[in-house]
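Everything below belongs to coords.txt, which stores compact mmCIF, N, CA and C atoms and all ligand atoms.
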```txt
# COMPACT_ATOMS: atom_id res chain seq x y z
N MET A 1 0.85 -1.20 0.00
CA MET A 1 0.00 0.00 0.00
C MET A 1 0.89 1.26 0.00
N ILE A 2 0.59 2.16 -0.90
CA ILE A 2 1.35 3.41 -0.99
C ILE A 2 0.70 4.46 -0.09
N LEU A 3 1.52 5.19 0.62
CA LEU A 3 1.03 6.32 1.41
C LEU A 3 1.08 7.55 0.49
N MET A 4 0.00 8.31 0.43
CA MET A 4 -0.03 9.41 -0.54
C MET A 4 -0.59 10.69 0.09
N SER A 5 -0.01 11.82 -0.27
CA SER A 5 -0.58 13.12 0.11
C SER A 5 -1.98 13.21 -0.48
N ALA A 6 -2.96 13.49 0.37
CA ALA A 6 -4.36 13.46 -0.07
C ALA A 6 -4.64 14.46 -1.20
N CYS A 7 -3.97 15.60 -1.18
CA CYS A 7 -4.24 16.61 -2.22
C CYS A 7 -3.87 16.10 -3.61
N LEU A 8 -2.93 15.15 -3.70
CA LEU A 8 -2.53 14.60 -5.00
C LEU A 8 -3.62 13.73 -5.61
N ALA A 9 -4.50 13.22 -4.74
CA ALA A 9 -5.61 12.39 -5.22
C ALA A 9 -6.88 13.22 -5.42
N GLY A 10 -6.75 14.53 -5.33
CA GLY A 10 -7.89 15.40 -5.64
C GLY A 10 -8.70 15.84 -4.43
N ILE A 11 -8.23 15.52 -3.24
CA ILE A 11 -8.94 15.97 -2.04
C ILE A 11 -8.64 17.46 -1.82
N ASP A 12 -9.67 18.23 -1.53
CA ASP A 12 -9.50 19.69 -1.37
C ASP A 12 -9.01 20.04 0.02
N CYS A 13 -7.78 19.65 0.30
CA CYS A 13 -7.22 19.91 1.64
C CYS A 13 -6.03 20.87 1.59
N LYS A 14 -5.78 21.42 0.42
CA LYS A 14 -4.66 22.36 0.27
C LYS A 14 -4.96 23.64 1.06
N TYR A 15 -3.92 24.39 1.42
CA TYR A 15 -4.12 25.56 2.27
C TYR A 15 -5.15 26.55 1.70
N ASN A 16 -5.23 26.63 0.37
CA ASN A 16 -6.15 27.59 -0.24
C ASN A 16 -7.52 26.98 -0.55
N GLY A 17 -7.75 25.76 -0.08
CA GLY A 17 -9.04 25.11 -0.30
C GLY A 17 -9.10 24.27 -1.56
N GLY A 18 -8.03 24.28 -2.33
CA GLY A 18 -7.99 23.50 -3.56
C GLY A 18 -7.24 22.18 -3.37
N ASN A 19 -6.78 21.62 -4.49
CA ASN A 19 -6.04 20.36 -4.42
C ASN A 19 -4.92 20.38 -5.46
N ASN A 20 -4.17 19.31 -5.49
CA ASN A 20 -3.06 19.17 -6.45
C ASN A 20 -3.24 17.89 -7.26
N GLU A 21 -4.47 17.66 -7.70
CA GLU A 21 -4.80 16.37 -8.33
C GLU A 21 -3.91 16.02 -9.52
N ILE A 22 -3.46 14.77 -9.49
CA ILE A 22 -2.74 14.19 -10.63
C ILE A 22 -3.52 12.92 -10.99
N PRO A 23 -4.10 12.87 -12.19
CA PRO A 23 -5.01 11.78 -12.53
C PRO A 23 -4.43 10.39 -12.30
N GLN A 24 -3.15 10.17 -12.63
CA GLN A 24 -2.57 8.82 -12.43
C GLN A 24 -2.54 8.45 -10.95
N LEU A 25 -2.31 9.45 -10.10
CA LEU A 25 -2.22 9.18 -8.66
C LEU A 25 -3.62 8.99 -8.07
N LYS A 26 -4.56 9.78 -8.55
CA LYS A 26 -5.95 9.60 -8.11
C LYS A 26 -6.42 8.18 -8.49
N ALA A 27 -6.01 7.74 -9.68
CA ALA A 27 -6.41 6.40 -10.15
C ALA A 27 -5.86 5.31 -9.23
N LEU A 28 -4.64 5.49 -8.75
CA LEU A 28 -4.05 4.51 -7.83
C LEU A 28 -4.89 4.42 -6.56
N TYR A 29 -5.30 5.58 -6.08
CA TYR A 29 -6.15 5.61 -4.87
C TYR A 29 -7.48 4.92 -5.15
N GLU A 30 -8.07 5.21 -6.28
CA GLU A 30 -9.38 4.63 -6.60
C GLU A 30 -9.31 3.11 -6.80
N LYS A 31 -8.12 2.64 -7.19
CA LYS A 31 -7.94 1.18 -7.34
C LYS A 31 -7.63 0.50 -6.00
N GLY A 32 -7.54 1.32 -4.95
CA GLY A 32 -7.28 0.76 -3.62
C GLY A 32 -5.82 0.50 -3.35
N GLU A 33 -4.92 1.14 -4.14
CA GLU A 33 -3.49 0.89 -3.97
C GLU A 33 -2.79 1.95 -3.13
N ALA A 34 -3.56 2.96 -2.70
CA ALA A 34 -2.94 4.04 -1.91
C ALA A 34 -3.85 4.42 -0.76
N VAL A 35 -3.24 4.81 0.33
CA VAL A 35 -3.97 5.34 1.47
C VAL A 35 -3.59 6.82 1.58
N LEU A 36 -4.58 7.66 1.86
CA LEU A 36 -4.36 9.11 1.84
C LEU A 36 -4.18 9.69 3.23
N VAL A 37 -3.28 10.65 3.33
CA VAL A 37 -3.15 11.43 4.56
C VAL A 37 -2.96 12.90 4.19
N CYS A 38 -3.47 13.78 5.04
CA CYS A 38 -3.12 15.20 4.95
C CYS A 38 -2.65 15.60 6.34
N PRO A 39 -1.34 15.64 6.54
CA PRO A 39 -0.82 15.90 7.88
C PRO A 39 -1.29 17.24 8.47
N GLU A 40 -1.49 18.24 7.63
CA GLU A 40 -1.88 19.54 8.20
C GLU A 40 -3.31 19.48 8.73
N VAL A 41 -4.21 18.89 7.97
CA VAL A 41 -5.59 18.75 8.43
C VAL A 41 -5.64 17.80 9.63
N MET A 42 -4.87 16.72 9.57
CA MET A 42 -4.88 15.75 10.66
C MET A 42 -4.26 16.30 11.93
N GLY A 43 -3.49 17.36 11.78
CA GLY A 43 -2.93 18.03 12.95
C GLY A 43 -3.88 19.04 13.56
N GLY A 44 -5.02 19.25 12.91
CA GLY A 44 -6.02 20.15 13.47
C GLY A 44 -6.15 21.49 12.79
N LEU A 45 -5.44 21.69 11.69
CA LEU A 45 -5.55 22.98 10.98
C LEU A 45 -6.78 22.97 10.08
N PRO A 46 -7.42 24.14 9.91
CA PRO A 46 -8.59 24.21 9.05
C PRO A 46 -8.21 24.32 7.57
N THR A 47 -9.18 24.12 6.71
CA THR A 47 -9.01 24.37 5.27
C THR A 47 -10.15 25.30 4.84
N PRO A 48 -9.90 26.44 4.24
CA PRO A 48 -8.55 26.95 3.94
C PRO A 48 -7.83 27.44 5.19
N ARG A 49 -6.53 27.65 5.05
CA ARG A 49 -5.68 28.13 6.14
C ARG A 49 -4.57 28.98 5.53
N LEU A 50 -3.91 29.74 6.38
CA LEU A 50 -2.78 30.54 5.89
C LEU A 50 -1.66 29.60 5.47
N SER A 51 -0.90 29.97 4.47
CA SER A 51 0.23 29.12 4.09
C SER A 51 1.33 29.25 5.14
N SER A 52 2.14 28.22 5.22
CA SER A 52 3.19 28.17 6.24
C SER A 52 4.50 27.76 5.59
N GLU A 53 5.59 28.13 6.24
CA GLU A 53 6.90 27.68 5.79
C GLU A 53 7.76 27.36 7.00
N ILE A 54 8.74 26.49 6.77
CA ILE A 54 9.67 26.10 7.84
C ILE A 54 10.75 27.16 7.98
N GLN A 55 10.99 27.54 9.24
CA GLN A 55 12.12 28.44 9.55
C GLN A 55 12.92 27.74 10.63
N GLY A 56 14.09 27.25 10.28
CA GLY A 56 14.88 26.49 11.25
C GLY A 56 14.14 25.21 11.59
N ASN A 57 13.89 25.00 12.88
CA ASN A 57 13.15 23.78 13.25
C ASN A 57 11.72 24.11 13.68
N ARG A 58 11.22 25.28 13.28
CA ARG A 58 9.84 25.67 13.58
C ARG A 58 9.08 25.90 12.28
N VAL A 59 7.75 25.99 12.39
CA VAL A 59 6.92 26.30 11.22
C VAL A 59 6.07 27.52 11.57
N TYR A 60 6.07 28.50 10.68
CA TYR A 60 5.30 29.73 10.89
C TYR A 60 4.36 29.96 9.71
N ASN A 61 3.19 30.52 10.00
CA ASN A 61 2.31 30.92 8.90
C ASN A 61 2.58 32.36 8.50
N THR A 62 1.85 32.82 7.49
CA THR A 62 2.14 34.16 6.95
C THR A 62 1.76 35.28 7.93
N ALA A 63 1.02 34.94 9.00
CA ALA A 63 0.72 35.93 10.04
C ALA A 63 1.78 35.92 11.13
N GLY A 64 2.79 35.07 10.97
CA GLY A 64 3.87 35.01 11.95
C GLY A 64 3.56 34.12 13.15
N GLU A 65 2.45 33.37 13.06
CA GLU A 65 2.10 32.48 14.18
C GLU A 65 2.90 31.18 14.09
N ASP A 66 3.36 30.71 15.23
CA ASP A 66 4.09 29.44 15.29
C ASP A 66 3.08 28.30 15.26
N VAL A 67 3.07 27.56 14.17
CA VAL A 67 2.10 26.47 14.00
C VAL A 67 2.78 25.10 14.07
N THR A 68 3.97 25.08 14.63
CA THR A 68 4.76 23.84 14.68
C THR A 68 3.98 22.69 15.31
N ALA A 69 3.28 22.97 16.41
CA ALA A 69 2.60 21.88 17.14
C ALA A 69 1.58 21.18 16.25
N TYR A 70 0.86 21.92 15.41
CA TYR A 70 -0.11 21.31 14.49
C TYR A 70 0.61 20.38 13.50
N PHE A 71 1.73 20.85 13.00
CA PHE A 71 2.47 20.07 12.00
C PHE A 71 3.03 18.79 12.61
N VAL A 72 3.51 18.89 13.84
CA VAL A 72 4.09 17.71 14.50
C VAL A 72 2.99 16.70 14.82
N LYS A 73 1.87 17.19 15.34
CA LYS A 73 0.76 16.29 15.66
C LYS A 73 0.26 15.59 14.39
N GLY A 74 0.10 16.36 13.32
CA GLY A 74 -0.38 15.79 12.07
C GLY A 74 0.59 14.77 11.48
N ALA A 75 1.87 15.03 11.63
CA ALA A 75 2.88 14.09 11.13
C ALA A 75 2.78 12.78 11.92
N GLU A 76 2.61 12.89 13.22
CA GLU A 76 2.51 11.68 14.06
C GLU A 76 1.24 10.88 13.72
N GLU A 77 0.13 11.59 13.54
CA GLU A 77 -1.13 10.91 13.17
C GLU A 77 -0.99 10.22 11.81
N SER A 78 -0.37 10.91 10.88
CA SER A 78 -0.21 10.35 9.53
C SER A 78 0.71 9.14 9.56
N LEU A 79 1.74 9.20 10.38
CA LEU A 79 2.65 8.06 10.51
C LEU A 79 1.91 6.85 11.09
N ARG A 80 1.01 7.11 12.02
CA ARG A 80 0.23 6.01 12.60
C ARG A 80 -0.57 5.30 11.50
N ILE A 81 -1.14 6.08 10.60
CA ILE A 81 -1.90 5.49 9.49
C ILE A 81 -0.97 4.72 8.55
N ALA A 82 0.20 5.26 8.32
CA ALA A 82 1.18 4.57 7.47
C ALA A 82 1.52 3.21 8.08
N ARG A 83 1.74 3.19 9.38
CA ARG A 83 2.11 1.94 10.05
C ARG A 83 0.95 0.95 10.00
N GLN A 84 -0.25 1.45 10.25
CA GLN A 84 -1.44 0.57 10.24
C GLN A 84 -1.58 -0.13 8.89
N ASN A 85 -1.17 0.55 7.84
CA ASN A 85 -1.34 0.02 6.48
C ASN A 85 -0.08 -0.60 5.92
N GLY A 86 0.96 -0.67 6.74
CA GLY A 86 2.20 -1.32 6.31
C GLY A 86 2.89 -0.60 5.16
N CYS A 87 2.76 0.71 5.09
CA CYS A 87 3.34 1.46 3.96
C CYS A 87 4.86 1.54 4.08
N THR A 88 5.54 1.26 2.98
CA THR A 88 6.99 1.44 2.95
C THR A 88 7.40 2.50 1.93
N LEU A 89 6.43 2.99 1.17
CA LEU A 89 6.69 4.03 0.16
C LEU A 89 5.65 5.14 0.32
N ALA A 90 6.13 6.38 0.33
CA ALA A 90 5.23 7.53 0.40
C ALA A 90 5.43 8.40 -0.83
N VAL A 91 4.30 8.77 -1.46
CA VAL A 91 4.34 9.72 -2.59
C VAL A 91 3.78 11.03 -2.06
N LEU A 92 4.65 12.02 -1.96
CA LEU A 92 4.33 13.22 -1.19
C LEU A 92 4.45 14.48 -2.04
N LYS A 93 3.53 15.40 -1.81
CA LYS A 93 3.49 16.64 -2.59
C LYS A 93 4.78 17.44 -2.39
N ALA A 94 5.42 17.76 -3.51
CA ALA A 94 6.69 18.48 -3.46
C ALA A 94 6.55 19.86 -2.81
N ASN A 95 7.57 20.23 -2.10
CA ASN A 95 7.79 21.59 -1.56
C ASN A 95 6.93 21.99 -0.37
N SER A 96 6.00 21.14 0.02
CA SER A 96 5.12 21.47 1.14
C SER A 96 5.90 21.46 2.46
N PRO A 97 5.54 22.34 3.40
CA PRO A 97 6.22 22.31 4.71
C PRO A 97 5.90 21.04 5.51
N SER A 98 4.85 20.31 5.12
CA SER A 98 4.58 18.99 5.72
C SER A 98 5.14 17.89 4.84
N CYS A 99 4.72 17.88 3.58
CA CYS A 99 4.94 16.74 2.70
C CYS A 99 6.18 16.85 1.81
N GLY A 100 6.75 18.02 1.68
CA GLY A 100 7.89 18.21 0.78
C GLY A 100 9.02 17.22 1.09
N ALA A 101 9.54 16.59 0.04
CA ALA A 101 10.61 15.60 0.23
C ALA A 101 11.83 16.01 -0.59
N GLY A 102 12.85 16.48 0.09
CA GLY A 102 14.10 16.86 -0.59
C GLY A 102 14.22 18.34 -0.83
N GLN A 103 13.09 19.03 -0.89
CA GLN A 103 13.10 20.46 -1.16
C GLN A 103 11.89 21.11 -0.49
N VAL A 104 12.11 22.25 0.14
CA VAL A 104 11.01 23.01 0.76
C VAL A 104 11.27 24.49 0.54
N TYR A 105 10.27 25.31 0.82
CA TYR A 105 10.49 26.76 0.75
C TYR A 105 11.31 27.20 1.96
N ASP A 106 12.00 28.32 1.79
CA ASP A 106 13.06 28.66 2.76
C ASP A 106 12.60 29.45 3.99
N GLY A 107 11.29 29.68 4.11
CA GLY A 107 10.82 30.37 5.31
C GLY A 107 10.66 31.87 5.13
N THR A 108 10.98 32.38 3.94
CA THR A 108 10.88 33.82 3.71
C THR A 108 9.63 34.19 2.91
N PHE A 109 8.82 33.19 2.54
CA PHE A 109 7.61 33.40 1.74
C PHE A 109 7.93 34.18 0.45
N SER A 110 9.06 33.87 -0.13
CA SER A 110 9.48 34.54 -1.37
C SER A 110 9.63 33.54 -2.51
N HIS A 111 8.99 32.37 -2.38
CA HIS A 111 9.03 31.31 -3.40
C HIS A 111 10.44 30.78 -3.62
N THR A 112 11.30 30.93 -2.61
CA THR A 112 12.67 30.43 -2.72
C THR A 112 12.76 29.04 -2.10
N LYS A 113 13.27 28.09 -2.89
CA LYS A 113 13.36 26.72 -2.39
C LYS A 113 14.77 26.40 -1.93
N ILE A 114 14.82 25.57 -0.89
CA ILE A 114 16.11 25.10 -0.39
C ILE A 114 16.01 23.57 -0.17
N GLN A 115 17.17 22.96 -0.02
CA GLN A 115 17.16 21.52 0.28
C GLN A 115 16.59 21.28 1.67
N GLY A 116 15.81 20.25 1.80
CA GLY A 116 15.26 19.92 3.11
C GLY A 116 13.97 19.14 2.94
N ASP A 117 13.47 18.64 4.06
CA ASP A 117 12.23 17.88 4.06
C ASP A 117 11.17 18.61 4.88
N GLY A 118 9.91 18.42 4.51
CA GLY A 118 8.81 18.87 5.34
C GLY A 118 8.77 18.05 6.63
N ILE A 119 7.96 18.51 7.57
CA ILE A 119 7.90 17.87 8.89
C ILE A 119 7.48 16.40 8.77
N PHE A 120 6.49 16.13 7.95
CA PHE A 120 6.02 14.74 7.81
C PHE A 120 7.01 13.90 7.00
N ALA A 121 7.53 14.45 5.93
CA ALA A 121 8.49 13.70 5.11
C ALA A 121 9.71 13.32 5.95
N ALA A 122 10.18 14.24 6.79
CA ALA A 122 11.34 13.96 7.63
C ALA A 122 11.03 12.81 8.60
N LEU A 123 9.83 12.81 9.16
CA LEU A 123 9.45 11.74 10.09
C LEU A 123 9.37 10.40 9.34
N CYS A 124 8.80 10.42 8.15
CA CYS A 124 8.72 9.19 7.34
C CYS A 124 10.11 8.62 7.10
N ARG A 125 11.01 9.47 6.68
CA ARG A 125 12.38 8.98 6.39
C ARG A 125 13.01 8.38 7.65
N LYS A 126 12.80 9.08 8.78
CA LYS A 126 13.37 8.59 10.05
C LYS A 126 12.82 7.20 10.38
N GLU A 127 11.59 6.96 9.97
CA GLU A 127 10.94 5.67 10.26
C GLU A 127 11.18 4.63 9.16
N GLY A 128 12.02 4.97 8.19
CA GLY A 128 12.38 4.00 7.16
C GLY A 128 11.44 3.93 5.98
N ILE A 129 10.54 4.90 5.86
CA ILE A 129 9.63 4.93 4.72
C ILE A 129 10.29 5.72 3.59
N THR A 130 10.36 5.13 2.40
CA THR A 130 10.93 5.82 1.25
C THR A 130 10.00 6.94 0.81
N CYS A 131 10.54 8.13 0.60
CA CYS A 131 9.72 9.28 0.21
C CYS A 131 10.07 9.74 -1.19
N LEU A 132 9.06 9.85 -2.03
CA LEU A 132 9.25 10.39 -3.38
C LEU A 132 8.27 11.54 -3.59
N THR A 133 8.69 12.54 -4.34
CA THR A 133 7.73 13.57 -4.74
C THR A 133 6.84 12.97 -5.83
N GLU A 134 5.76 13.67 -6.14
CA GLU A 134 4.86 13.17 -7.18
C GLU A 134 5.58 13.06 -8.52
N LEU A 135 6.48 14.00 -8.81
CA LEU A 135 7.18 13.93 -10.09
C LEU A 135 8.16 12.76 -10.13
N GLU A 136 8.85 12.53 -9.03
CA GLU A 136 9.77 11.38 -8.97
C GLU A 136 8.99 10.08 -9.16
N TYR A 137 7.83 9.99 -8.54
CA TYR A 137 7.05 8.76 -8.66
C TYR A 137 6.53 8.58 -10.09
N LEU A 138 6.05 9.66 -10.69
CA LEU A 138 5.55 9.57 -12.07
C LEU A 138 6.65 9.15 -13.02
N GLU A 139 7.87 9.67 -12.79
CA GLU A 139 9.01 9.27 -13.64
C GLU A 139 9.24 7.76 -13.53
N ARG A 140 9.14 7.23 -12.31
CA ARG A 140 9.31 5.79 -12.12
C ARG A 140 8.21 5.01 -12.82
N MET A 141 6.98 5.52 -12.73
CA MET A 141 5.87 4.86 -13.41
C MET A 141 6.10 4.82 -14.91
N ASP A 142 6.58 5.93 -15.46
CA ASP A 142 6.81 6.02 -16.91
C ASP A 142 7.85 5.01 -17.35
N LYS A 143 8.92 4.86 -16.55
CA LYS A 143 10.00 3.95 -16.93
C LYS A 143 9.54 2.51 -16.96
N LYS A 144 8.54 2.21 -16.16
CA LYS A 144 8.03 0.82 -16.11
C LYS A 144 7.17 0.49 -17.32
N LEU A 145 6.67 1.54 -18.01
CA LEU A 145 5.75 1.30 -19.13
C LEU A 145 6.51 0.76 -20.34
S1 LIG A 201 -0.25 18.82 4.06
FE1 LIG A 201 0.39 17.47 2.42
S2 LIG A 201 -1.50 16.40 1.85
FE2 LIG A 201 -2.12 18.18 3.04
S3 LIG A 201 -2.49 19.75 1.49
FE3 LIG A 201 -0.39 19.99 2.18
S4 LIG A 201 0.81 18.84 0.69
FE4 LIG A 201 -1.31 18.16 0.50
```

Output the file's structure in the form of structure tokens.
Ligand code: SF4
Amino acid sequence: MILMSACLAGIDCKYNGGNNEIPQLKALYEKGEAVLVCPEVMGGLPTPRLSSEIQGNRVYNTAGEDVTAYFVKGAEESLRIARQNGCTLAVLKANSPSCGAGQVYDGTFSHTKIQGDGIFAALCRKEGITCLTELEYLERMDKKL
């Protein structure tokens, strides 16, 4: 079972109330091959919500509020679901402060990306779950065709 960022399967859980649907990934979910998590919603944040970025080891929204506790709680809840479903691979939305794997925004809200993982992606890696962005996963799917 693949662990997947819910917004990639078309769930409207993105900070602005929208989603990041990718038809091939939604299809995997509909075939029962993926389980969905949205760490930010599962941590108790509403949708829509202010966007957030990681600064050091904390997470702040655009109003300057420290929302780290929501992100940590949501990451832990999402990991619990991953474990329940025996997931060893996560397909996670790129650049998100929760789900970003390998690259995130730099905390200045200036669309500048830096190397690093979102709070949930970092926890997944620590727990031995392989993390791929949606583009990395799609590239792998293409190579198999
Ligand atoms: S926290 Fe992850 S699943 Fe939820 S909207 Fe952001 S990128 Fe998508």

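One distance worth recording is that between atom CA of A:Ile22 and atom CA of A:Leu36, which is 13.6 Å.
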
Subject >> 6 Å shell around ligand LIG 201 (chain A) using all atoms listed in the file, listed as a ChimeraX atom specification >> reply: /A:5-8,13-15,37-41,93,96,98-99

**OP:** Could you check how far atom N of A:Gly102 sits from atom CA of A:Leu132, in Å to one decimal?
**Re:** 7.9 Å

**OP:** Pick out the closest residue to A:Ala75 from this set: A:Ile129, A:Met42, A:Leu3, A:Ala34. Count all atoms listed in the file.
**Re:** A:Met42

**OP:** Tell me, as number ranges by chain, which residues lie within 6.5 Å of A:Gln103, counting all atoms listed in the file; anything in the same chain fewer than 4 positions away does not count.
**Re:** A: 94-96, 113-118

Pull the strand (DSSP E or B) assignments for chain A out of DSSP run on the backbone, and list those residues as a compact mmCIF listing (two decimals) with N, CA and C atoms, in the frame of the given file.
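Written file, part-v4.txt:
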```
# COMPACT_ATOMS: atom_id res chain seq x y z
N ILE A 2 0.59 2.16 -0.90
CA ILE A 2 1.35 3.41 -0.99
C ILE A 2 0.70 4.46 -0.09
N LEU A 3 1.52 5.19 0.62
CA LEU A 3 1.03 6.32 1.41
C LEU A 3 1.08 7.55 0.49
N MET A 4 0.00 8.31 0.43
CA MET A 4 -0.03 9.41 -0.54
C MET A 4 -0.59 10.69 0.09
N SER A 5 -0.01 11.82 -0.27
CA SER A 5 -0.58 13.12 0.11
C SER A 5 -1.98 13.21 -0.48
N ALA A 34 -3.56 2.96 -2.70
CA ALA A 34 -2.94 4.04 -1.91
C ALA A 34 -3.85 4.42 -0.76
N VAL A 35 -3.24 4.81 0.33
CA VAL A 35 -3.97 5.34 1.47
C VAL A 35 -3.59 6.82 1.58
N LEU A 36 -4.58 7.66 1.86
CA LEU A 36 -4.36 9.11 1.84
C LEU A 36 -4.18 9.69 3.23
N VAL A 37 -3.28 10.65 3.33
CA VAL A 37 -3.15 11.43 4.56
C VAL A 37 -2.96 12.90 4.19
N SER A 52 2.14 28.22 5.22
CA SER A 52 3.19 28.17 6.24
C SER A 52 4.50 27.76 5.59
N GLU A 53 5.59 28.13 6.24
CA GLU A 53 6.90 27.68 5.79
C GLU A 53 7.76 27.36 7.00
N ILE A 54 8.74 26.49 6.77
CA ILE A 54 9.67 26.10 7.84
C ILE A 54 10.75 27.16 7.98
N GLN A 55 10.99 27.54 9.24
CA GLN A 55 12.12 28.44 9.55
C GLN A 55 12.92 27.74 10.63
N ARG A 58 11.22 25.28 13.28
CA ARG A 58 9.84 25.67 13.58
C ARG A 58 9.08 25.90 12.28
N VAL A 59 7.75 25.99 12.39
CA VAL A 59 6.92 26.30 11.22
C VAL A 59 6.07 27.52 11.57
N TYR A 60 6.07 28.50 10.68
CA TYR A 60 5.30 29.73 10.89
C TYR A 60 4.36 29.96 9.71
N ASN A 61 3.19 30.52 10.00
CA ASN A 61 2.31 30.92 8.90
C ASN A 61 2.58 32.36 8.50
N ASP A 66 3.36 30.71 15.23
CA ASP A 66 4.09 29.44 15.29
C ASP A 66 3.08 28.30 15.26
N LEU A 89 6.43 2.99 1.17
CA LEU A 89 6.69 4.03 0.16
C LEU A 89 5.65 5.14 0.32
N ALA A 90 6.13 6.38 0.33
CA ALA A 90 5.23 7.53 0.40
C ALA A 90 5.43 8.40 -0.83
N VAL A 91 4.30 8.77 -1.46
CA VAL A 91 4.34 9.72 -2.59
C VAL A 91 3.78 11.03 -2.06
N LEU A 92 4.65 12.02 -1.96
CA LEU A 92 4.33 13.22 -1.19
C LEU A 92 4.45 14.48 -2.04
N ASN A 95 7.57 20.23 -2.10
CA ASN A 95 7.79 21.59 -1.56
C ASN A 95 6.93 21.99 -0.37
N GLN A 103 13.09 19.03 -0.89
CA GLN A 103 13.10 20.46 -1.16
C GLN A 103 11.89 21.11 -0.49
N VAL A 104 12.11 22.25 0.14
CA VAL A 104 11.01 23.01 0.76
C VAL A 104 11.27 24.49 0.54
N TYR A 105 10.27 25.31 0.82
CA TYR A 105 10.49 26.76 0.75
C TYR A 105 11.31 27.20 1.96
N LYS A 113 13.27 28.09 -2.89
CA LYS A 113 13.36 26.72 -2.39
C LYS A 113 14.77 26.40 -1.93
N ILE A 114 14.82 25.57 -0.89
CA ILE A 114 16.11 25.10 -0.39
C ILE A 114 16.01 23.57 -0.17
N GLN A 115 17.17 22.96 -0.02
CA GLN A 115 17.16 21.52 0.28
C GLN A 115 16.59 21.28 1.67
N THR A 130 10.36 5.13 2.40
CA THR A 130 10.93 5.82 1.25
C THR A 130 10.00 6.94 0.81
N CYS A 131 10.54 8.13 0.60
CA CYS A 131 9.72 9.28 0.21
C CYS A 131 10.07 9.74 -1.19
N LEU A 132 9.06 9.85 -2.03
CA LEU A 132 9.25 10.39 -3.38
C LEU A 132 8.27 11.54 -3.59
N THR A 133 8.69 12.54 -4.34
CA THR A 133 7.73 13.57 -4.74
C THR A 133 6.84 12.97 -5.83
```

Original post:
With distances taken over only C-alpha atoms, which of A:Glu33, A:Asp106, A:Glu139, A:Asp66 is nearest to A:Leu89?
Top reply: A:Glu33

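Between atom N of A:Asn19 and atom CA of A:Asn57 there is a distance of 26.8 Å.
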
Original post:
Which polymer residues have any atom within 8 Å of an atom of A:Val59, counting only N, CA and C atoms, with same-chain residues fewer than 6 positions away left out, as an NGL selection string?
Top reply: :A and (52-53 or 65-69 or 71 or 97)

**OP:** as a ChimeraX atom specification, please: all residues of stretch 13-143 of chain A that backbone DSSP puts in alpha helix (DSSP H).
**Re:** /A:23-30,39-42,68-84,119-126,134-143

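Shortest atom-to-atom contact with A:Thr47 among A:Gly18, A:Gly64, A:Pro23, A:Gly32: A:Gly18, counting only C-alpha atoms.
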
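The closest residue to A:Leu28, picked from A:Ala90, A:Val104, A:Leu135, A:Ala9 and counting only N, CA and C atoms, is A:Ala9.
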